[in-house]
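Asks: This is work_39.cif, which holds mmCIF, C-alpha atoms:
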```
data_query
#
loop_
_atom_site.label_atom_id
_atom_site.label_comp_id
_atom_site.auth_asym_id
_atom_site.auth_seq_id
_atom_site.Cartn_x
_atom_site.Cartn_y
_atom_site.Cartn_z
CA MET A 166 72.79 239.90 148.19
CA ASP A 167 74.41 243.03 149.59
CA ASP A 168 76.58 241.47 152.25
CA GLU A 169 80.30 241.23 151.49
CA SER A 170 80.47 237.65 152.77
CA ASP A 171 77.62 236.71 150.40
CA HIS A 172 79.55 238.17 147.46
CA LYS A 173 82.70 236.34 148.51
CA LYS A 174 80.81 233.03 148.81
CA ALA A 175 79.24 233.61 145.41
CA LEU A 176 82.59 234.47 143.83
CA ILE A 177 84.24 231.39 145.32
CA HIS A 178 81.35 229.23 144.12
CA VAL A 179 81.62 230.52 140.54
CA LEU A 180 85.41 230.15 140.61
CA HIS A 181 85.08 226.55 141.87
CA MET A 182 82.76 225.82 138.96
CA ALA A 183 85.11 227.49 136.48
CA TYR A 184 88.22 225.81 137.88
CA SER A 185 86.78 222.32 137.60
CA GLY A 186 85.07 223.13 134.32
CA GLU A 187 88.42 224.10 132.82
CA LEU A 188 89.76 220.71 133.88
CA ALA A 189 86.99 218.92 131.99
CA ALA A 190 87.46 221.21 129.00
CA GLY A 191 91.23 220.69 128.95
CA TYR A 192 90.87 216.92 128.90
CA ALA A 193 88.07 217.01 126.33
CA TYR A 194 89.93 219.36 123.98
CA ALA A 195 93.15 217.33 124.28
CA ALA A 196 91.30 214.38 122.76
CA HIS A 197 89.07 216.48 120.48
CA TRP A 198 91.92 217.97 118.46
CA ARG A 199 93.63 214.57 118.23
CA SER A 200 90.43 213.02 116.82
CA LEU A 201 90.35 215.43 113.87
CA LYS A 202 91.93 214.98 110.45
CA ASN A 203 91.86 218.65 109.40
CA LEU A 204 95.16 220.26 110.47
CA GLU A 205 93.70 223.77 110.69
CA GLN A 206 90.92 222.57 113.00
CA GLN A 207 93.47 220.63 115.05
CA ALA A 208 95.59 223.76 115.48
CA GLY A 209 92.56 225.85 116.48
CA ILE A 210 91.41 223.43 119.15
CA GLN A 211 94.97 222.83 120.35
CA LYS A 212 95.25 226.60 120.93
CA ILE A 213 91.93 226.58 122.79
CA GLU A 214 93.09 223.64 124.93
CA LYS A 215 96.22 225.58 125.97
CA GLU A 216 94.11 228.62 126.85
CA GLU A 217 91.76 226.49 128.96
CA TRP A 218 94.71 225.14 130.99
CA SER A 219 95.95 228.72 131.40
CA HIS A 220 92.50 229.83 132.60
CA ARG A 221 92.52 227.02 135.15
CA GLU A 222 95.87 228.20 136.51
CA ILE A 223 94.63 231.80 136.80
CA VAL A 224 91.38 230.78 138.51
CA GLY A 225 93.34 228.51 140.87
CA LYS A 226 95.46 231.46 141.97
CA MET A 227 92.32 233.50 142.58
CA LEU A 228 90.85 230.73 144.72
CA THR A 229 94.06 230.54 146.74
CA HIS A 230 93.99 234.32 147.24
CA LEU A 231 90.42 234.01 148.53
CA GLY A 232 91.47 231.29 151.00
CA SER A 233 89.94 228.45 149.05
CA GLY A 234 91.05 225.71 146.71
CA PRO A 235 89.77 222.93 144.53
CA GLN A 236 86.79 220.83 145.53
CA LYS A 237 88.12 217.27 145.34
CA PRO A 238 84.79 215.53 144.52
CA ARG A 239 84.00 218.08 141.79
CA GLU A 240 87.52 217.74 140.40
CA LEU A 241 87.16 213.98 140.15
CA MET A 242 83.73 214.24 138.55
CA MET A 243 84.86 216.82 135.98
CA ALA A 244 88.03 214.85 135.17
CA ILE A 245 85.87 211.82 134.42
CA ILE A 246 83.47 213.91 132.34
CA GLY A 247 86.29 215.56 130.38
CA ARG A 248 88.01 212.27 129.61
CA THR A 249 84.70 210.62 128.67
CA VAL A 250 83.75 213.46 126.35
CA GLY A 251 87.24 213.37 124.87
CA PHE A 252 86.95 209.65 124.16
CA ALA A 253 83.51 210.20 122.62
CA CYS A 254 85.07 212.60 120.09
CA TYR A 255 86.62 209.57 118.42
CA LEU A 256 83.25 207.81 118.18
CA ILE A 257 80.55 210.37 117.38
CA GLY A 258 81.99 212.18 114.42
CA TRP A 259 82.93 215.76 113.80
CA PHE A 260 79.79 217.89 114.22
CA LEU A 261 78.55 217.09 117.75
CA PRO A 262 81.86 217.77 119.52
CA MET A 263 82.19 221.07 117.62
CA TYR A 264 78.59 222.08 118.38
CA PHE A 265 78.67 221.23 122.08
CA ALA A 266 82.10 222.81 122.55
CA GLY A 267 80.68 226.07 121.21
CA ARG A 268 77.65 225.83 123.47
CA LEU A 269 79.93 225.16 126.44
CA GLU A 270 82.11 228.17 125.60
CA SER A 271 78.97 230.32 125.54
CA ALA A 272 78.17 229.23 129.10
CA ASN A 273 81.77 229.93 130.15
CA ILE A 274 81.40 233.55 129.04
CA LYS A 275 78.47 234.00 131.41
CA GLU A 276 80.34 232.25 134.21
CA TYR A 277 83.34 234.58 133.94
CA ASP A 278 81.09 237.63 133.60
CA ASN A 279 79.29 236.61 136.81
CA ALA A 280 82.61 236.11 138.58
CA ALA A 281 83.74 239.57 137.43
CA PHE A 282 80.53 241.06 138.85
CA PHE A 283 81.15 239.52 142.28
CA ALA A 284 84.83 240.48 142.21
CA THR A 285 83.83 244.08 141.48
CA LYS A 286 81.36 244.05 144.39
CA LEU A 287 84.26 242.96 146.63
CA GLY A 288 86.57 245.68 145.31
CA LEU A 289 88.80 243.09 143.66
CA HIS A 290 89.22 245.16 140.52
CA GLU A 291 92.31 243.31 139.26
CA PHE A 292 90.38 240.04 139.53
CA ALA A 293 87.40 241.60 137.75
CA SER A 294 89.60 242.87 134.93
CA GLU A 295 91.25 239.48 134.50
CA LEU A 296 87.90 237.67 134.61
CA ILE A 297 86.53 239.96 131.90
CA ARG A 298 89.62 239.15 129.83
CA LEU A 299 88.95 235.44 130.34
CA ALA A 300 85.34 235.94 129.25
CA ASN A 301 86.58 237.63 126.08
CA VAL A 302 88.91 234.70 125.32
CA GLU A 303 85.93 232.38 125.81
CA ARG A 304 84.04 234.53 123.27
CA GLU A 305 86.85 233.90 120.79
CA HIS A 306 86.50 230.17 121.47
CA GLU A 307 82.74 230.35 120.93
CA LEU A 308 83.27 232.22 117.66
CA PHE A 309 85.75 229.56 116.49
CA PHE A 310 83.19 226.80 117.08
CA MET A 311 80.38 228.86 115.52
CA THR A 312 82.52 229.20 112.43
CA MET A 313 83.12 225.44 112.38
CA VAL A 314 79.40 224.48 112.53
CA ASN A 315 77.92 227.46 110.68
CA LYS A 316 76.96 225.68 107.47
CA HIS A 317 76.35 222.17 108.79
CA PRO A 318 72.98 220.69 107.76
CA PHE A 319 72.21 219.54 111.34
CA LEU A 320 72.70 223.03 112.77
CA PRO A 321 69.04 224.19 112.48
CA LEU A 322 67.85 221.09 114.34
CA MET A 323 70.46 221.49 117.07
CA LYS A 324 69.68 225.20 117.45
CA SER A 325 65.99 224.44 117.85
CA ILE A 326 66.69 221.89 120.58
CA PHE A 327 69.65 223.39 122.44
CA LYS A 328 69.17 227.12 121.72
CA TRP A 329 72.73 227.84 120.67
CA GLY A 330 74.30 228.55 117.33
CA PRO A 331 75.17 231.21 114.79
CA THR A 332 72.44 233.63 113.81
CA ALA A 333 71.32 234.22 110.23
CA ASN A 334 73.58 237.29 109.99
CA PHE A 335 76.57 235.50 111.55
CA SER A 336 78.43 235.28 108.24
CA ASN A 337 78.32 239.09 107.97
CA LEU A 338 80.51 239.57 111.06
#
```
Take the structure from the file and write it as structure tokens.

Replies:
Amino acid sequence: MDDESDHKKALIHVLHMAYSGELAAGYAYAAHWRSLKNLEQQAGIQKIEKEEWSHREIVGKMLTHLGSGPQKPRELMMAIIGRTVGFACYLIGWFLPMYFAGRLESANIKEYDNAAFFATKLGLHEFASELIRLANVEREHELFFMTMVNKHPFLPLMKSIFKWGPTANFSNL
């Protein structure tokens, strides 16, 4: 993939995924923090929710700059997913929403890193810098959720199945 148009298509594709993904995350986190009883956890997820909406706005501006915009079918699908996941937070308890939110944040880091790579290939250095910043914020989100699930008794089982979670030396960070 050395052609500029290929890099632009790839960047737009990743940004479409991120834009709609932030919609699902925003809706899910809006319900997630409301489903919790612990005020500190509520505040942490409320902060993350606000950052996800901010990321969506930033990515939307990038898409506009690149001559693109939201993909309506993907937007609808991700809105439904986000609201469904948010509703499920009230039904499935505390651990699973925390675990899967952390796993999702881990994937978001890779997504923004990939977008930064394509932006760099296109000479869009301001985009690349901003996308790296977004990836770093997603790392903070992942760390928050790792901290939440770190000592849960179901964590070893979930890590063995889904391949995400704090490492043995996580508490030394």

Asks: Residues at most 12 Å from Phe252 in chain A, counting all atoms listed in the file, excluding those fewer than 5 positions away in the same chain, as a short mmCIF file (atom, residue, chain, number, x, y, z; two decimals) with C-alpha atoms, in the frame of the given file?

Replies:
```cif
data_model
loop_
_atom_site.label_atom_id
_atom_site.label_comp_id
_atom_site.auth_asym_id
_atom_site.auth_seq_id
_atom_site.Cartn_x
_atom_site.Cartn_y
_atom_site.Cartn_z
CA TYR A 192 90.87 216.92 128.90
CA ALA A 193 88.07 217.01 126.33
CA TYR A 194 89.93 219.36 123.98
CA ALA A 195 93.15 217.33 124.28
CA ALA A 196 91.30 214.38 122.76
CA HIS A 197 89.07 216.48 120.48
CA TRP A 198 91.92 217.97 118.46
CA ARG A 199 93.63 214.57 118.23
CA SER A 200 90.43 213.02 116.82
CA ILE A 245 85.87 211.82 134.42
CA ILE A 246 83.47 213.91 132.34
CA GLY A 247 86.29 215.56 130.38
CA ILE A 257 80.55 210.37 117.38
CA GLY A 258 81.99 212.18 114.42
CA PRO A 262 81.86 217.77 119.52
#
```

Asks: So what does the PyMOL selection byres ((chain A and resi 182) around 10) actually pick up in this one, as a PyMOL selection string?

Replies: chain A and resi 176-181+183-187+224+235-236+239-240+243+273+276

Asks: Translate the PyMOL selection byres ((chain A and resi 280-290) around 12) into a concrete residue list for this structure, as a PyMOL selection string.

Replies: chain A and resi 166-184+224+227-228+230-231+273-279+291-301

Asks: Within 7 Å of range 306-321 of chain A, which residues of range 241-280 of chain A come that close, and what is the closest atom pair and distance in Å for each? Count only C-alpha atoms and give it as a Markdown table.

Replies:
```
| residue | atom | partner | partner_atom | distance |
| --- | --- | --- | --- | --- |
| A:Phe260 | CA | A:Val314 | CA | 6.8 |
| A:Met263 | CA | A:Phe310 | CA | 5.8 |
| A:Tyr264 | CA | A:Val314 | CA | 6.4 |
| A:Ala266 | CA | A:Phe310 | CA | 6.9 |
| A:Gly267 | CA | A:Glu307 | CA | 4.8 |
| A:Glu270 | CA | A:Glu307 | CA | 5.2 |
| A:Ser271 | CA | A:Glu307 | CA | 6.0 |
```

Asks: Separation of CA of Trp218 in chain A and CA of Leu188 in chain A, in Å?

Replies: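 Separating CA of Trp218 in chain A from CA of Leu188 in chain A is a distance of 7.2 Å.
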
Asks: One number please: CA of Leu261 in chain A to CA of Arg221 in chain A, in Å, one decimal.

Replies: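 CA of Arg221 in chain A lies 24.4 Å from CA of Leu261 in chain A.
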
Asks: Quote the spacing between CA of Ala189 in chain A and CA of Ala244 in chain A in Å to one decimal place.

Replies: 5.3 Å

Asks: Can you work out which one of A:Leu269, A:Trp259, A:Leu322, A:Gly232 has the shortest atom-to-atom distance to Asn203 in chain A, counting all atoms listed in the file?

Replies: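 Of A:Leu269, A:Trp259, A:Leu322, A:Gly232, the one nearest Asn203 in chain A is A:Trp259, counting all atoms listed in the file.
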
Asks: If the box runs along x, y and z of the file and leaves 6 Å on each side of range 199-212 of chain A, what are its centre and edge lengths in Å, one decimal, as lines of an AutoDock Vina configuration file?

Replies:
```
center_x = 93.0
center_y = 219.8
center_z = 115.2
size_x = 17.2
size_y = 25.6
size_z = 23.5
```

Asks: Using all atoms listed in the file, determine which residues lie at most 9 Å from Glu216 in chain A, disregarding the query and same-chain residues fewer than 5 positions distant; provide the list as a VMD selection string.

Replies: chain A and resid 191 211 221 302

Asks: With only C-alpha atoms as the atoms that count, which of A:Phe265, A:Ala253, A:Gly209, A:Arg304 lies nearest to Gly330 in chain A?

Replies: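 Ranked by minimum distance to Gly330 in chain A, first place goes to A:Phe265.
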
Asks: Of the residues A:Ala272, A:Ala208, A:Ile213, A:Ala190, which is the one nearest to Gly251 in chain A, using all atoms listed in the file?

Replies: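 Closest to Gly251 in chain A, using all atoms listed in the file: A:Ala190.
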
Asks: Fix up range 170-203 of chain A with N, CA and C atoms, then write it as a PDB file, keeping the file's coordinate frame.

Replies:
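For reference, selection-v1.pdb as written:
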```
ATOM      1  N   SER A 170      80.211 239.088 152.654  1.00  0.00           N
ATOM      2  CA  SER A 170      80.470 237.650 152.770  1.00  0.00           C
ATOM      3  C   SER A 170      79.646 236.863 151.751  1.00  0.00           C
ATOM      4  N   ASP A 171      78.434 237.356 151.436  1.00  0.00           N
ATOM      5  CA  ASP A 171      77.620 236.710 150.400  1.00  0.00           C
ATOM      6  C   ASP A 171      78.293 236.820 149.033  1.00  0.00           C
ATOM      7  N   HIS A 172      78.843 237.978 148.736  1.00  0.00           N
ATOM      8  CA  HIS A 172      79.550 238.170 147.460  1.00  0.00           C
ATOM      9  C   HIS A 172      80.787 237.286 147.388  1.00  0.00           C
ATOM     10  N   LYS A 173      81.499 237.177 148.499  1.00  0.00           N
ATOM     11  CA  LYS A 173      82.700 236.340 148.510  1.00  0.00           C
ATOM     12  C   LYS A 173      82.316 234.874 148.308  1.00  0.00           C
ATOM     13  N   LYS A 174      81.268 234.416 148.993  1.00  0.00           N
ATOM     14  CA  LYS A 174      80.810 233.030 148.810  1.00  0.00           C
ATOM     15  C   LYS A 174      80.394 232.790 147.366  1.00  0.00           C
ATOM     16  N   ALA A 175      79.688 233.750 146.801  1.00  0.00           N
ATOM     17  CA  ALA A 175      79.240 233.610 145.410  1.00  0.00           C
ATOM     18  C   ALA A 175      80.418 233.584 144.449  1.00  0.00           C
ATOM     19  N   LEU A 176      81.403 234.457 144.681  1.00  0.00           N
ATOM     20  CA  LEU A 176      82.590 234.470 143.830  1.00  0.00           C
ATOM     21  C   LEU A 176      83.342 233.148 143.927  1.00  0.00           C
ATOM     22  N   ILE A 177      83.537 232.665 145.137  1.00  0.00           N
ATOM     23  CA  ILE A 177      84.240 231.390 145.320  1.00  0.00           C
ATOM     24  C   ILE A 177      83.482 230.255 144.637  1.00  0.00           C
ATOM     25  N   HIS A 178      82.161 230.272 144.767  1.00  0.00           N
ATOM     26  CA  HIS A 178      81.350 229.230 144.120  1.00  0.00           C
ATOM     27  C   HIS A 178      81.552 229.244 142.600  1.00  0.00           C
ATOM     28  N   VAL A 179      81.460 230.416 141.998  1.00  0.00           N
ATOM     29  CA  VAL A 179      81.620 230.520 140.540  1.00  0.00           C
ATOM     30  C   VAL A 179      83.042 230.111 140.142  1.00  0.00           C
ATOM     31  N   LEU A 180      84.033 230.524 140.929  1.00  0.00           N
ATOM     32  CA  LEU A 180      85.410 230.150 140.610  1.00  0.00           C
ATOM     33  C   LEU A 180      85.638 228.643 140.762  1.00  0.00           C
ATOM     34  N   HIS A 181      84.993 228.014 141.759  1.00  0.00           N
ATOM     35  CA  HIS A 181      85.080 226.550 141.870  1.00  0.00           C
ATOM     36  C   HIS A 181      84.528 225.890 140.612  1.00  0.00           C
ATOM     37  N   MET A 182      83.378 226.373 140.166  1.00  0.00           N
ATOM     38  CA  MET A 182      82.760 225.820 138.960  1.00  0.00           C
ATOM     39  C   MET A 182      83.679 226.002 137.753  1.00  0.00           C
ATOM     40  N   ALA A 183      84.234 227.197 137.621  1.00  0.00           N
ATOM     41  CA  ALA A 183      85.110 227.490 136.480  1.00  0.00           C
ATOM     42  C   ALA A 183      86.382 226.649 136.546  1.00  0.00           C
ATOM     43  N   TYR A 184      86.968 226.548 137.719  1.00  0.00           N
ATOM     44  CA  TYR A 184      88.220 225.810 137.880  1.00  0.00           C
ATOM     45  C   TYR A 184      88.052 224.352 137.447  1.00  0.00           C
ATOM     46  N   SER A 185      87.027 223.713 137.952  1.00  0.00           N
ATOM     47  CA  SER A 185      86.780 222.320 137.600  1.00  0.00           C
ATOM     48  C   SER A 185      86.299 222.181 136.162  1.00  0.00           C
ATOM     49  N   GLY A 186      85.525 223.149 135.705  1.00  0.00           N
ATOM     50  CA  GLY A 186      85.070 223.130 134.320  1.00  0.00           C
ATOM     51  C   GLY A 186      86.228 223.218 133.344  1.00  0.00           C
ATOM     52  N   GLU A 187      87.237 223.998 133.688  1.00  0.00           N
ATOM     53  CA  GLU A 187      88.420 224.100 132.820  1.00  0.00           C
ATOM     54  C   GLU A 187      89.180 222.782 132.786  1.00  0.00           C
ATOM     55  N   LEU A 188      89.143 222.025 133.871  1.00  0.00           N
ATOM     56  CA  LEU A 188      89.760 220.710 133.880  1.00  0.00           C
ATOM     57  C   LEU A 188      89.068 219.796 132.873  1.00  0.00           C
ATOM     58  N   ALA A 189      87.750 219.745 132.942  1.00  0.00           N
ATOM     59  CA  ALA A 189      86.990 218.920 131.990  1.00  0.00           C
ATOM     60  C   ALA A 189      87.244 219.375 130.562  1.00  0.00           C
ATOM     61  N   ALA A 190      87.230 220.682 130.348  1.00  0.00           N
ATOM     62  CA  ALA A 190      87.460 221.210 129.000  1.00  0.00           C
ATOM     63  C   ALA A 190      88.858 220.864 128.500  1.00  0.00           C
ATOM     64  N   GLY A 191      89.858 221.006 129.353  1.00  0.00           N
ATOM     65  CA  GLY A 191      91.230 220.690 128.950  1.00  0.00           C
ATOM     66  C   GLY A 191      91.363 219.246 128.502  1.00  0.00           C
ATOM     67  N   TYR A 192      90.805 218.330 129.279  1.00  0.00           N
ATOM     68  CA  TYR A 192      90.870 216.920 128.900  1.00  0.00           C
ATOM     69  C   TYR A 192      90.080 216.643 127.612  1.00  0.00           C
ATOM     70  N   ALA A 193      88.896 217.228 127.520  1.00  0.00           N
ATOM     71  CA  ALA A 193      88.070 217.010 126.330  1.00  0.00           C
ATOM     72  C   ALA A 193      88.749 217.552 125.079  1.00  0.00           C
ATOM     73  N   TYR A 194      89.292 218.767 125.160  1.00  0.00           N
ATOM     74  CA  TYR A 194      89.930 219.360 123.980  1.00  0.00           C
ATOM     75  C   TYR A 194      91.218 218.625 123.604  1.00  0.00           C
ATOM     76  N   ALA A 195      91.925 218.084 124.584  1.00  0.00           N
ATOM     77  CA  ALA A 195      93.150 217.330 124.280  1.00  0.00           C
ATOM     78  C   ALA A 195      92.828 216.140 123.383  1.00  0.00           C
ATOM     79  N   ALA A 196      91.711 215.494 123.621  1.00  0.00           N
ATOM     80  CA  ALA A 196      91.300 214.380 122.760  1.00  0.00           C
ATOM     81  C   ALA A 196      90.616 214.888 121.490  1.00  0.00           C
ATOM     82  N   HIS A 197      89.838 215.959 121.630  1.00  0.00           N
ATOM     83  CA  HIS A 197      89.070 216.480 120.480  1.00  0.00           C
ATOM     84  C   HIS A 197      90.005 216.817 119.324  1.00  0.00           C
ATOM     85  N   TRP A 198      91.066 217.584 119.573  1.00  0.00           N
ATOM     86  CA  TRP A 198      91.920 217.970 118.460  1.00  0.00           C
ATOM     87  C   TRP A 198      92.656 216.759 117.881  1.00  0.00           C
ATOM     88  N   ARG A 199      92.952 215.776 118.723  1.00  0.00           N
ATOM     89  CA  ARG A 199      93.630 214.570 118.230  1.00  0.00           C
ATOM     90  C   ARG A 199      92.703 213.707 117.375  1.00  0.00           C
ATOM     91  N   SER A 200      91.398 213.834 117.577  1.00  0.00           N
ATOM     92  CA  SER A 200      90.430 213.020 116.820  1.00  0.00           C
ATOM     93  C   SER A 200      90.168 213.568 115.421  1.00  0.00           C
ATOM     94  N   LEU A 201      90.635 214.774 115.148  1.00  0.00           N
ATOM     95  CA  LEU A 201      90.350 215.430 113.870  1.00  0.00           C
ATOM     96  C   LEU A 201      91.413 215.125 112.820  1.00  0.00           C
ATOM     97  N   LYS A 202      90.999 215.177 111.569  1.00  0.00           N
ATOM     98  CA  LYS A 202      91.930 214.980 110.450  1.00  0.00           C
ATOM     99  C   LYS A 202      92.396 216.312 109.867  1.00  0.00           C
ATOM    100  N   ASN A 203      91.561 217.340 109.967  1.00  0.00           N
ATOM    101  CA  ASN A 203      91.860 218.650 109.400  1.00  0.00           C
ATOM    102  C   ASN A 203      92.902 219.364 110.279  1.00  0.00           C
TER     103      ASN A 203
END
```
